[in-house]
Structures are given as structure tokens and as C-alpha cells.
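Novice: Mind having a look at this structure? Questions to follow.
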Amino acid sequence: MRADFDALLPRFNNFTARDNDDSVEHSGEHLRAIFISDLHLGTPGCQARALLDFIKTHPSDTLYLVGDIVDGWQLRRRWYWPELHNDVVQKLLRRARKGCRIIYVPGNHDEFVRGFFGHQFGGIEVVDDAVHITADGKSLWVTHGDRFDAVIQCAKWLAYLGDNMYEFTLRLNRHLNHWRAKWGLPYWSLSAYLKHRVKKAMMYVNDFEEAVAHEAKRRGHQGVVCGHIHRAEMRDIQGVLYCNDGDWVESCTALVEHRNGQLELLHWPSGHAHQAKTQAFDLDRQPVTVLSPTSPKLVLPNLC
Ligand SMILES: [Mn+2]
């Protein structure tokens with residue numbers, strides 16, 4: 001893991017740093033925090049140009065890199081590193097030098113960075129997960145989210161077992177009620193009872209978003225910020241604010257926190273670089289608009 005990382009660093013430095021292209025920078029509000037993930041630098045799919053535009057025009061106190069920043073899986077197969085991708089890295093390093101606190105929470109595609117928890121490189125702090133406190137005092141747990149794949153896989157197996165168990169309980173139910181009738185007891189549906197209980201349990205963990213939100217709640221936070229499934233979202237899940245900052249492969253989305261603590265999902269269309277579509281969300285209110293209400297929910301590990 002560490003060897004992989006050491007091998008990558010000199011390659012980053014082989015390029016000339018274009019460090020002085022800040023001409024269009026700082027046109028907007030100085031945000032309190034920005035959360036971006038799933039950049040997948042090192043793959044042709046990465047929307048590096050749009051990403052650079054976004055970073056340049058959005059200064060912030062803190063910038064969270066919420067995993068899958070560099071795609072180590074793809075780079076190991078085939079080296080792909082255009083200068084534009086290097087520009088993104090240089091831009092981030094420059095931002096850190098200028099006083100922006102940059103916190104890097106690695107994901108599964110950049111798991112080689114997980115060997116560096118507690119370390120810094122170029123002023124960028126590498127941590128397993130983070131807690132962000134908003135201006136109005138809400139606590140958000142920041143994690144990439146891939147660790148919940150296991151929860152969902154496990155839930156599938158439980159669902160499969162649950163189905164077989166249901167068949168079994170139907171048979172058991174027949175015998176049980178046969179004997180209950182003999183003893184003069186009224187009919188009681190064991191299978192309906194169990195089905196109700198099992199379904200409730202399955203629905204609870206059967207969905208990535210709910211699993212992540214549940215874990216955030218268990219840890220005592222009011223919300224969670226994650227990525228991984230490339231599906232930007234901000235909604236309340238059982239009293240927890242679930243935020244997914246999306247990706248920079250398809251949707252070009254980021255989660256930002258304004259100075260007053262208001263959180264917002266920004267959609268950054270690559271062709272219209274300066275017209276961000278917004279979704280406003282106050283922690284105490286429902287979303288104003290829904291950004292991607294109908295995308296599939298299941299995690300595809302090879303894509304995420
Ligand atoms: Mn991922």
C-alpha cells in the first residue's frame with residue numbers, strides 16, 4: 001500500500017506546476033466548508049476542467065475530500081494522468097498553502113491513502129473519517145461510505161435467508177395451528193407475525209442511505225456527509241440529515257456550507273461553468289427541490 005503511494009508521488013511532481021492561474025478566482029462568497037468526492041482523477045471519466053472551474057470560483061475555510069479522489073484501481077491497470085489532472089492536485093496543494101484547511105477522507109478507489117491516517121502531505125490532512133460542526137452547531141459525520149457495501153451485501157443474504165425462513169414458518173404455522181385447534185385455542189398466525197418483523201428489519205438495512213444515516217445517528221451526529229454511490233442527495237432520514245455530495249464523473253456536484261450554516265448541494269454543469277443550480281436545505285426544514293429523485297439506489301462496487 002505504502003509502496004503504491006510512494007510510486008505515485010514522483011509522477012505527480014514530474015509535471016510543471018501551473019500555480020498562478022488564479023485570475024478568475026474568488027468571484028463568489030467565501031464558503032465555510034466544501035465537500036467533494038468521487039473525482040476519480042486518473043480516469044478519462046473525471047471532469048477535471050469543470051472541477052478546476054468549480055474550485056477556482058469557490059474559496060472556503062475548509063475543504064473536505066470525501067474519498068475516491070485519485071483512482072488507484074484504474075491507475076494500477078493503466079497509467080492515465082493528463083496535465084489537467086495534475087492541475088487539480090496543484091490547485092488543491094496551493095489552496096492548502098494559502099490557509100484553507102483540507103481534510104482528506106480516503107475511499108475504496110484511493111485506499112492506498114488509508115496507510116497514511118494522521119499524516120499530512122502538502123498540508124492536506126489524511127484521516128479515516130471526520131466530524132464537521134456547522135456554523136449553527138450541528139455535528140456532521142464525514143465518511144466515504146464504501147464500508148456500508150458490506151452492510152448491504154449482508155442484508156441481501158439476510159433477505160435471502162428471510163425468504164426461506166418464511167417458507168419454513170408457513171409450514172410450522174400449519175402444524176402449530178393444528179395443535180392449537182386441538183387444544184381449543186384460536187388461530188394465530190406465526191408466519192404473519194414473523195414476516196412483519198423480518199420485513200421491518202430488512203427494510204431498515206436494505207438501503208445504503210439508511211445504513212449510513214443510521215450509523216451517523218448511532219454515533220450521536222445530527223447528519224452525515226458521504227459519497228461513493230455517485231448520487232447527490234440531501235434529505236432527512238429518520239431525523240438524520242443524509243448528504244451525499246455526488247461525484248465529478250457524471251453529475252459534477254458538491255455540498256457546500258454557507259457562512260450562516262446553511263447547507264446546499266451545488267450542481268456544476270461543465271458547459272455552464274458559472275451558473276450553479278442549487279438545492280437549499282436548512283437542517284430544520286425539508287429540501288426545496290430534489291436534485292436526482294429517481295436514480296437507482298443499489299451500490300455497484302465496481303463503479304463506486
Ligand atoms: Mn467509492
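Naming scheme: A, B, ... for chains in displayed order of the C-alpha cells; residues 1 onward per chain; ligands 1 onward as shown.
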Where in stretch 53-169 of chain A does DSSP assign helix (DSSP H, G or I), given as number ranges by chain?
Specialist: A: 53-57, 72-77, 83-97, 111-116, 148-169
Novice: With C-alpha atoms retained, write the just-selected residues as a JSON list (two decimals), in the first residue's frame.
Specialist:
```json
[["chain", "number", "residue", "atom", "x", "y", "z"],
["A", 53, "ASP", "CA", -13.51, 25.87, -12.56],
["A", 54, "PHE", "CA", -15.50, 24.97, -9.51],
["A", 55, "ILE", "CA", -12.53, 25.01, -7.13],
["A", 56, "LYS", "CA", -11.23, 28.29, -8.54],
["A", 57, "THR", "CA", -14.53, 30.07, -8.04],
["A", 72, "GLY", "CA", -5.68, 3.93, -7.77],
["A", 73, "TRP", "CA", -7.57, 0.92, -9.17],
["A", 74, "GLN", "CA", -7.55, 2.36, -12.71],
["A", 75, "LEU", "CA", -4.02, 3.75, -12.47],
["A", 76, "ARG", "CA", -2.68, 0.35, -11.48],
["A", 77, "ARG", "CA", -4.20, -1.11, -14.65],
["A", 83, "GLU", "CA", -1.87, 17.65, -17.21],
["A", 84, "LEU", "CA", -5.34, 18.85, -16.28],
["A", 85, "HIS", "CA", -5.49, 16.22, -13.53],
["A", 86, "ASN", "CA", -2.16, 17.45, -12.27],
["A", 87, "ASP", "CA", -3.57, 20.98, -12.27],
["A", 88, "VAL", "CA", -6.30, 19.82, -9.91],
["A", 89, "VAL", "CA", -3.74, 18.36, -7.49],
["A", 90, "GLN", "CA", -1.62, 21.52, -7.71],
["A", 91, "LYS", "CA", -4.69, 23.67, -7.16],
["A", 92, "LEU", "CA", -5.56, 21.73, -4.00],
["A", 93, "LEU", "CA", -1.99, 21.95, -2.68],
["A", 94, "ARG", "CA", -1.95, 25.67, -3.40],
["A", 95, "ARG", "CA", -5.27, 26.09, -1.61],
["A", 96, "ALA", "CA", -3.83, 24.33, 1.44],
["A", 97, "ARG", "CA", -0.74, 26.55, 1.38],
["A", 111, "GLU", "CA", -7.50, 3.01, -0.35],
["A", 112, "PHE", "CA", -3.69, 3.23, -0.68],
["A", 113, "VAL", "CA", -4.02, 6.60, 1.10],
["A", 114, "ARG", "CA", -5.53, 4.75, 4.07],
["A", 115, "GLY", "CA", -1.98, 3.82, 5.01],
["A", 116, "PHE", "CA", -1.41, 7.48, 5.96],
["A", 148, "PHE", "CA", -21.54, 0.16, 4.02],
["A", 149, "ASP", "CA", -21.33, -2.05, 0.93],
["A", 150, "ALA", "CA", -20.68, -4.88, 3.37],
["A", 151, "VAL", "CA", -23.80, -3.99, 5.31],
["A", 152, "ILE", "CA", -25.87, -4.07, 2.13],
["A", 153, "GLN", "CA", -24.36, -7.33, 0.87],
["A", 154, "CYS", "CA", -25.04, -8.81, 4.27],
["A", 155, "ALA", "CA", -28.61, -7.51, 4.16],
["A", 156, "LYS", "CA", -29.13, -9.27, 0.79],
["A", 157, "TRP", "CA", -28.11, -12.56, 2.33],
["A", 158, "LEU", "CA", -30.34, -11.91, 5.29],
["A", 159, "ALA", "CA", -33.20, -11.20, 2.89],
["A", 160, "TYR", "CA", -32.50, -14.47, 1.05],
["A", 161, "LEU", "CA", -32.41, -16.38, 4.33],
["A", 162, "GLY", "CA", -35.52, -14.50, 5.36],
["A", 163, "ASP", "CA", -37.42, -15.79, 2.33],
["A", 164, "ASN", "CA", -36.50, -19.40, 3.08],
["A", 165, "MET", "CA", -37.28, -18.87, 6.71],
["A", 166, "TYR", "CA", -40.68, -17.60, 5.67],
["A", 167, "GLU", "CA", -41.42, -20.80, 3.73],
["A", 168, "PHE", "CA", -40.36, -22.77, 6.77],
["A", 169, "THR", "CA", -42.51, -20.75, 9.15]]
```
Novice: How would you write, as a list in words, the set of residues no farther than 9 Å from ligand 1 when counting only C-alpha atoms and all ligand atoms?
Specialist: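 Counting only what the definition allows, namely only C-alpha atoms and all ligand atoms, the set is Ser37, Asp38, Gly67, Asp68, Pro106, Gly107, Asn108, His109, Asp110, His144, Gly145, Asp146, Gly227, His228, Ile229, His230, Pro301, Asn302, Leu303 and Cys304 of chain A.
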Novice: Which of these, A:Phe208, A:Phe121, A:Trp183, A:Trp141, has the shortest distance to A:Val225 once you count only C-alpha atoms?
Specialist: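 The answer is A:Trp141, which sits nearest to A:Val225.
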Novice: Determine which residues of stretch 31-176 of chain A DSSP labels as strand (DSSP E or B) from the backbone of this structure, then write them out as a PDB file with C-alpha atoms, in the first residue's frame.
Specialist:
```pdb
ATOM      1  CA  LEU A  31     -17.847  29.497   1.937  1.00  0.00           C
ATOM      2  CA  ARG A  32     -17.454  27.971   5.354  1.00  0.00           C
ATOM      3  CA  ALA A  33     -16.951  24.452   4.013  1.00  0.00           C
ATOM      4  CA  ILE A  34     -16.973  22.462   0.778  1.00  0.00           C
ATOM      5  CA  PHE A  35     -17.386  18.705   0.479  1.00  0.00           C
ATOM      6  CA  ILE A  36     -16.450  16.950  -2.765  1.00  0.00           C
ATOM      7  CA  LEU A  41      -8.546  11.569 -11.026  1.00  0.00           C
ATOM      8  CA  SER A  60     -13.674  28.139   1.610  1.00  0.00           C
ATOM      9  CA  ASP A  61     -12.326  27.898   5.155  1.00  0.00           C
ATOM     10  CA  THR A  62     -12.343  24.106   4.964  1.00  0.00           C
ATOM     11  CA  LEU A  63     -12.410  21.666   2.061  1.00  0.00           C
ATOM     12  CA  TYR A  64     -13.269  18.022   2.627  1.00  0.00           C
ATOM     13  CA  LEU A  65     -12.121  15.461   0.062  1.00  0.00           C
ATOM     14  CA  VAL A  70      -7.410   9.565  -7.165  1.00  0.00           C
ATOM     15  CA  ARG A 101      -7.855  23.514   5.833  1.00  0.00           C
ATOM     16  CA  ILE A 102      -8.051  20.457   3.568  1.00  0.00           C
ATOM     17  CA  ILE A 103      -9.137  17.172   5.067  1.00  0.00           C
ATOM     18  CA  TYR A 104      -8.809  14.008   3.022  1.00  0.00           C
ATOM     19  CA  GLN A 120      -0.201  15.262   6.116  1.00  0.00           C
ATOM     20  CA  PHE A 121       1.110  15.787   2.645  1.00  0.00           C
ATOM     21  CA  ILE A 124      -3.544  18.085   3.386  1.00  0.00           C
ATOM     22  CA  GLU A 125      -4.603  16.074   6.437  1.00  0.00           C
ATOM     23  CA  VAL A 126      -5.394  12.400   5.911  1.00  0.00           C
ATOM     24  CA  ALA A 130     -14.060  13.395  10.233  1.00  0.00           C
ATOM     25  CA  VAL A 131     -16.639  15.366  12.153  1.00  0.00           C
ATOM     26  CA  HIS A 132     -17.692  18.739  10.804  1.00  0.00           C
ATOM     27  CA  ILE A 133     -19.501  21.202  13.073  1.00  0.00           C
ATOM     28  CA  SER A 139     -22.462  17.776  14.005  1.00  0.00           C
ATOM     29  CA  LEU A 140     -21.937  16.027  10.648  1.00  0.00           C
ATOM     30  CA  TRP A 141     -20.081  12.751  10.326  1.00  0.00           C
ATOM     31  CA  VAL A 142     -17.895  12.695   7.192  1.00  0.00           C
TER      32      VAL A 142
END
```
